[in-house]
Amino acid sequence: MENSRFLVSSSPHIRSGETTQRIMLDVIIALMPALLAGVFYFGLNALTLTAVAVVFAVTTEAVMQKILGKPVTVNDLSAVVTGILIAFNVPVTLPLWMAAVGSIFAIAIAKQCFGGLGYNFINPALAARAMLLASWPVRMTAWVAPGTDAVSTATPLALVKMGADALSGATHWEEGVEAVGQTLPGLWDLFIGNIGGCIGETSALALILGGAYLVYRRVISIRIPVSYIAAVAVFTLLFGRFDFAAAIYHVLAGGLFLGAIFMATDYSTSPITPKGQIIFGIGCGFLTSVIRFYGGYPEGVSYSILLMNLATPLIDKYTMPRKFGEVKKSA
Amino acid sequence: MNIRTLTFKGGTHPPHSKKATESLPIERANEPKVVVIPMQQHIGAPCEPIVQAGDEVKVGQKIGEAKGFVSVPVHSSVSGKVAVVEPRLYSGGTAVPCIVIENDMQNTVSDQVVPKGDISVLSAEDIKNIIKEAGIVGMGGATFPTHVKLAPPPDKNVDTVILNGAECEPYLTSDHRLMLEHPENVVFGLQALMKALGVKKGFIGIETNKPDAIEKVFEAARGIEDIEVVALKTKYPQGAEKQLIYACTGREVPSGGLPADAGVVVNNVGTAAAVATAIKTGMPLIERIVTVTGEGVNNPKNLLVKIGTSFRDIIEQCGGLKGKVGKIIAGGPMMGITQFSLDIPAIKGTSGILVLSEEEARLPEPSNCIKCGKCVETCPINLMPVNISMYSLANRYDEAEALNAMDCIECGACSFVCPAKRPLVDSIRVAKREILARRKKAQSK
């Protein structure tokens with residue numbers, strides 16, 4: 001029993017088994033049901049697109065870190081998550097090279113230029129989506145209906161928007177859609193994802209499964225997803241003059257579940273305080289509803305999350321938890 | 001048994017790691033050939049040695065006199081001859097004056113050691129004096145002089161005493177075994193503490209992972225109306241003073257205040273048992289239960305150790321070190337202090353000696369903070385450890401102070417949960433030290 005070489009360090013001397021890599025792996029696992037749904041509805045091309053986006057995201061991360069002289073940390077799997085989310089946010093018809101450009105932009109510009117994992121101030125996948133949409137608006141909205149024959153279609157929300165534009169002042173939201181000679185898919189199709197839209201966003205069911213797994217694994221709390229989705233329900237109800245059917249439609253259609261469960265909960269770009277997370281979710285829901293009802297664009301999830309990302313530091317600052325013992329000193 | 005289960009907000013669940021020793025009865029350690037008794041084993045002013053090299057001393061004899069109010073005397077744990085009085089290394093990491101005594105193995109008890117009589121005839125003042133003279137300090141590890149806690153400023157309205165039997169530190173089982181084997185001493189000690197303070201409400205809080213201890217203490221306290229045994233949810237840091245007070249009474253100790261500001265005095269169950277011994281037998285605090293455990297020890301044990309016995313002696317009785325040893329820790333894994341030498345004495349606050357293997361002791365490589373917010377959710381004081389830490393690492397201590405760095409209780413739960421293995425509590429400690437230094441500087445100007 002010699003005295004040599006006992007390690008001296010400050011406490012604590014044990015650490016939990018939780019690692020960044022394990023968290024990212026959990027997110028990847030949670031995204032699998034939605035990926036399966038995407039492949040089921042839109043064919044194998046959905047898988048190819050996802051693979052391309054992931055490969056380019058990971059490669060870009062490694063190359064950027066080499067260029068910047070930083071340790072290469074692709075093992076943390078965060079770039080894989082970003083790659084999958086980029087593919088989930090584009091239509092299955094998108095050329096592969098455009099998905100690659102999206103991945104490069106997300107990792108190189110939105111993530112690594114701002115310091116890498118944890119330092120980016122906007123969600124890289126959403127930044128890529130916004131960039132792609134601004135650069136190739138037609139290709140980014142070339143939707144197809146589920147099935148092997150790839151019939152082009154419009155998303156349910158696009159139909160609602162078209163209808164509202166065609167028949168301004170319509171007393172009932174569905175009348176407008178009928179006026180442009182279209183029919184809206186039913187709620188069940190919306191729920192299971194049997195509709196046109198981005199690869200990973202259509203099936204609320206698959207996304208909820210993934211979300212439940214993340215909550216069970218304590219990777220995310222329910223605060224952001226629930227407050228976000230509830231806020232969309234409430235605000236669309238208000239803006240739609242208490243049309244319950246319309247509100248339910250807005251909740252299930254579009255990218256709300258993908259956004260609320262997987263994008264708005266992105267650690268780096270959402271508040272860390274519990275109260276802040278609820279405010280963040282409500283803010284996202286409000287902006288989404290405003291964009292959908294009063295904006296020129298049928299969707300609204302990605303832009304509202306991006307806008308709320310910018311407000312995150314401010315929200316954190318003003319929602320600092322009340323510290324324990326912050327009470328009047330007993331006289 | 002009608003027992004309430006209580007807890008606090010936040011916290012985390014480190015593995016208990018208590019299996020190795022929780023069912024092992026307390027064993028008396030071998031008589032040490034030599035004891036090294038530090039003059040500072042407590043928070044406050046060090047003692048003045050009152051013996052010299054060559055003096056004969058007996059068990060329980062006072063060998064160090066308290067200097068000032070926040071200080072306690074120190075007693076010899078053996079009988080024998082004082083070899084030398086000189087500075088030696090102790091578990092706090094520095095050298096302090098120590099009295100080194102060669103044990104004559106006779107265990108001759110000092111005639112200063114006499115039973116103090118029945119508690120019913122002792123006044124509050126008597127009890128406080130007995131506690132002070134017995135050198136009793138907080139035995140959970142903080143080693144704050146107990147008699148000081150028993151003399152709250154007159155403007156504080158203390159109405160409750162809580163005994164801390166949470167033992168929320170993983171690995172440690174010394175309090176657990178004490179409660180199982182000597183529950184009557186724990187209850188007796190609480191009654192004495194309550195009498196000393198003149199309060200009518202006493203709690204004994206024990207974590208739910210020790211159901212046998214809850215039962216034993218409950219039985220021992222049966223029929224005593226003003227004592228309530230409560231179960232505490234097994235969660236770290238359940239045994240932190242402020243969290244324990246909140247769990248038992250629903251009161252929050254004001255920021256920067258003392259438990260007395262919430263009307264409460266908290267003592268460890270081990271402290272209560274030491275009080276019981278001091279009253280019943282007159283024997284001052286000269287020995288304590290130490291859990292010797294961890295992957296790096298051959299035969300983990302709960303040992304009753306004489307103060308001043310070296311870690312080396314203690315570990316040798318536990319079959320010696322096993323395999324490649326990484327860390328020697330005085331205390332538990334969450335808040336214990338690593339030691340670079342085995343030649344340091346067990347003192348009044350040594351609740352455990354934990355030996356981690358090289359593998360367990362490997363320091364994790366910190367990576368980027370991913371802003372997951374787990375540290376915020378876990379912090380029992382509701383701080384934002386990630387932000388305080390970032391400011392501290394950037395040497396921006398004013399901002400760290402504005403984020404209430406000084407309220408941090410250094411429980412380490414944030415560092416434990418961090419998936420990126422960031423040095424959270426480490427950097428907050430640095431910030432606290434810097435802020436204190438600045439305050440001192442500002443005051444002296």
# chains A, B, ... in the order shown; residues from 1 in each chain; ligands from 1
>>> residues_around(residues="Leu237 of chain A", least_positions_apart="2", cutoff="12 Å", atoms="only C-alpha atoms", output="MDAnalysis selection string")
chainID A and resid 173 230:235 239:251 285:286 289:290 293
>>> closest_atom_pairs(of="chain B", to="chain A", cutoff="7 Å", atoms="only C-alpha atoms", output="tab-separated table")
residue	atom	partner	partner_atom	distance
B:Pro14	CA	A:Ser16	CA	6.9
B:Glu252	CA	A:Gly325	CA	5.1
B:Val253	CA	A:Gly325	CA	5.2
B:Pro254	CA	A:Gly325	CA	4.1
B:Ser255	CA	A:Gly325	CA	4.6
B:Asp261	CA	A:Ser330	CA	6.0
B:Leu321	CA	A:Met1	CA	6.6
B:Gly326	CA	A:Phe6	CA	5.5
B:Lys327	CA	A:Leu7	CA	5.2
B:Ile328	CA	A:Phe6	CA	6.7
B:Pro333	CA	A:His13	CA	5.0
B:Met334	CA	A:Pro12	CA	4.2
B:Met335	CA	A:Ser11	CA	5.3
B:Gly336	CA	A:Ser11	CA	6.3
B:Ile337	CA	A:Ser11	CA	6.8
B:Thr338	CA	A:Val8	CA	5.2
B:Gln339	CA	A:Val8	CA	6.4
B:Phe340	CA	A:Phe6	CA	5.3
B:Ser341	CA	A:Asn3	CA	5.3
B:Leu342	CA	A:Asn3	CA	6.2
B:Asn368	CA	A:Gly118	CA	6.3
B:Cys369	CA	A:Gly118	CA	5.6
B:Ile370	CA	A:Gly118	CA	4.2
B:Lys371	CA	A:Ser268	CA	5.1
B:Cys372	CA	A:Tyr267	CA	5.0
B:Gly373	CA	A:Ile272	CA	4.6
B:Val376	CA	A:Thr273	CA	6.8
B:Ile381	CA	A:Phe324	CA	4.6
B:Asn382	CA	A:Lys323	CA	4.8
B:Leu383	CA	A:Lys323	CA	6.0
B:Gly412	CA	A:Pro12	CA	5.5
B:Ser415	CA	A:Pro12	CA	7.0
B:Phe416	CA	A:Arg15	CA	4.4
B:Val417	CA	A:Ser16	CA	5.4
B:Pro419	CA	A:Thr19	CA	4.1
B:Ala420	CA	A:Thr20	CA	5.8
B:Asp426	CA	A:Ser10	CA	6.6
>>> residues_around(residues="Ile131 of chain B", least_positions_apart="4", cutoff="9 Å", atoms="only C-alpha atoms", output="list in words")
Asp126, Ile127, Gly135, Ile136, Val137, Thr146, His147, Ala274, Val275, Ala278, Ile279 and Pro284 of chain B
>>> residues_around(residues="Leu68 of chain A", least_positions_apart="3", cutoff="10 Å", atoms="only C-alpha atoms", output="ChimeraX atom specification")
/A:62-65,71-72,112-113,115
>>> select_by_dssp(residues="segment 188-238 of chain B", states="helix (DSSP H, G or I)", output="MDAnalysis selection string")
chainID B and resid 188:197 211:220
>>> residues_around(residues="His16 of chain B", least_positions_apart="3", cutoff="10 Å", atoms="only C-alpha atoms", output="tab-separated table (two decimals) with N, CA and C atoms, in the first residue's frame")
chain	number	residue	atom	x	y	z
B	13	HIS	N	-30.67	11.02	-8.80
B	13	HIS	CA	-30.65	9.66	-8.25
B	13	HIS	C	-29.36	8.93	-8.59
B	19	LYS	N	-24.74	-1.64	-0.99
B	19	LYS	CA	-24.90	-3.09	-0.76
B	19	LYS	C	-23.72	-3.69	0.00
B	168	CYS	N	-27.70	10.48	2.38
B	168	CYS	CA	-27.98	10.45	0.94
B	168	CYS	C	-26.72	10.25	0.11
B	169	GLU	N	-25.55	10.37	0.73
B	169	GLU	CA	-24.32	10.08	0.00
B	169	GLU	C	-24.28	8.60	-0.38
B	170	PRO	N	-24.05	8.28	-1.64
B	170	PRO	CA	-23.89	6.87	-2.00
B	170	PRO	C	-22.73	6.24	-1.21
B	171	TYR	N	-22.70	4.94	-1.12
B	171	TYR	CA	-21.66	4.14	-0.48
B	171	TYR	C	-21.72	4.15	1.05
B	172	LEU	N	-22.00	5.31	1.67
B	172	LEU	CA	-21.86	5.40	3.11
B	172	LEU	C	-22.99	4.67	3.84
B	209	ASN	N	-34.59	4.21	1.42
B	209	ASN	CA	-33.78	3.04	1.08
B	209	ASN	C	-33.23	2.34	2.33
B	234	THR	N	-35.81	8.75	-1.36
B	234	THR	CA	-34.40	8.52	-1.63
B	234	THR	C	-33.98	9.33	-2.85
B	235	LYS	N	-33.35	10.43	-2.57
B	235	LYS	CA	-32.99	11.35	-3.65
B	235	LYS	C	-31.85	12.22	-3.16
B	236	TYR	N	-30.87	12.44	-4.01
B	236	TYR	CA	-29.74	13.28	-3.61
B	236	TYR	C	-30.03	14.74	-3.94
>>> residues_around(residues="Lys18 of chain B", least_positions_apart="6", cutoff="12 Å", atoms="only C-alpha atoms", output="PyMOL selection string")
chain B and resi 24+167-177+209-210+291-295+300-302+332-333+352+354
>>> residues_around(residues="Val230 of chain B", least_positions_apart="6", cutoff="9 Å", atoms="only C-alpha atoms", output="tab-separated table (two decimals) with N, CA and C atoms, in the first residue's frame")
chain	number	residue	atom	x	y	z
B	3	ILE	N	-46.15	6.60	8.95
B	3	ILE	CA	-44.99	7.46	8.70
B	3	ILE	C	-45.20	8.23	7.41
B	4	ARG	N	-44.98	9.54	7.48
B	4	ARG	CA	-45.11	10.36	6.28
B	4	ARG	C	-43.85	10.23	5.42
B	5	THR	N	-44.01	10.27	4.11
B	5	THR	CA	-42.85	10.29	3.21
B	5	THR	C	-42.74	11.67	2.60
B	6	LEU	N	-41.59	12.31	2.82
B	6	LEU	CA	-41.44	13.71	2.44
B	6	LEU	C	-40.22	13.88	1.53
B	203	PHE	N	-37.81	16.00	14.74
B	203	PHE	CA	-37.97	15.08	13.62
B	203	PHE	C	-36.73	14.20	13.50
B	204	ILE	N	-36.94	12.97	13.07
B	204	ILE	CA	-35.81	12.16	12.61
B	204	ILE	C	-36.13	11.76	11.19
B	205	GLY	N	-35.34	12.25	10.24
B	205	GLY	CA	-35.61	11.99	8.83
B	205	GLY	C	-34.67	10.92	8.28
B	206	ILE	N	-35.25	9.88	7.68
B	206	ILE	CA	-34.45	8.77	7.17
B	206	ILE	C	-34.91	8.44	5.75
B	207	GLU	N	-33.97	8.24	4.84
B	207	GLU	CA	-34.35	7.92	3.46
B	207	GLU	C	-35.00	6.55	3.35
B	214	ILE	N	-35.66	2.89	9.51
B	214	ILE	CA	-36.88	3.65	9.82
B	214	ILE	C	-37.67	2.90	10.90
B	218	PHE	N	-38.24	4.20	14.63
B	218	PHE	CA	-39.65	4.41	14.94
B	218	PHE	C	-40.01	3.69	16.24
B	248	CYS	N	-39.09	18.33	5.88
B	248	CYS	CA	-39.75	18.05	7.17
B	248	CYS	C	-40.77	19.09	7.55
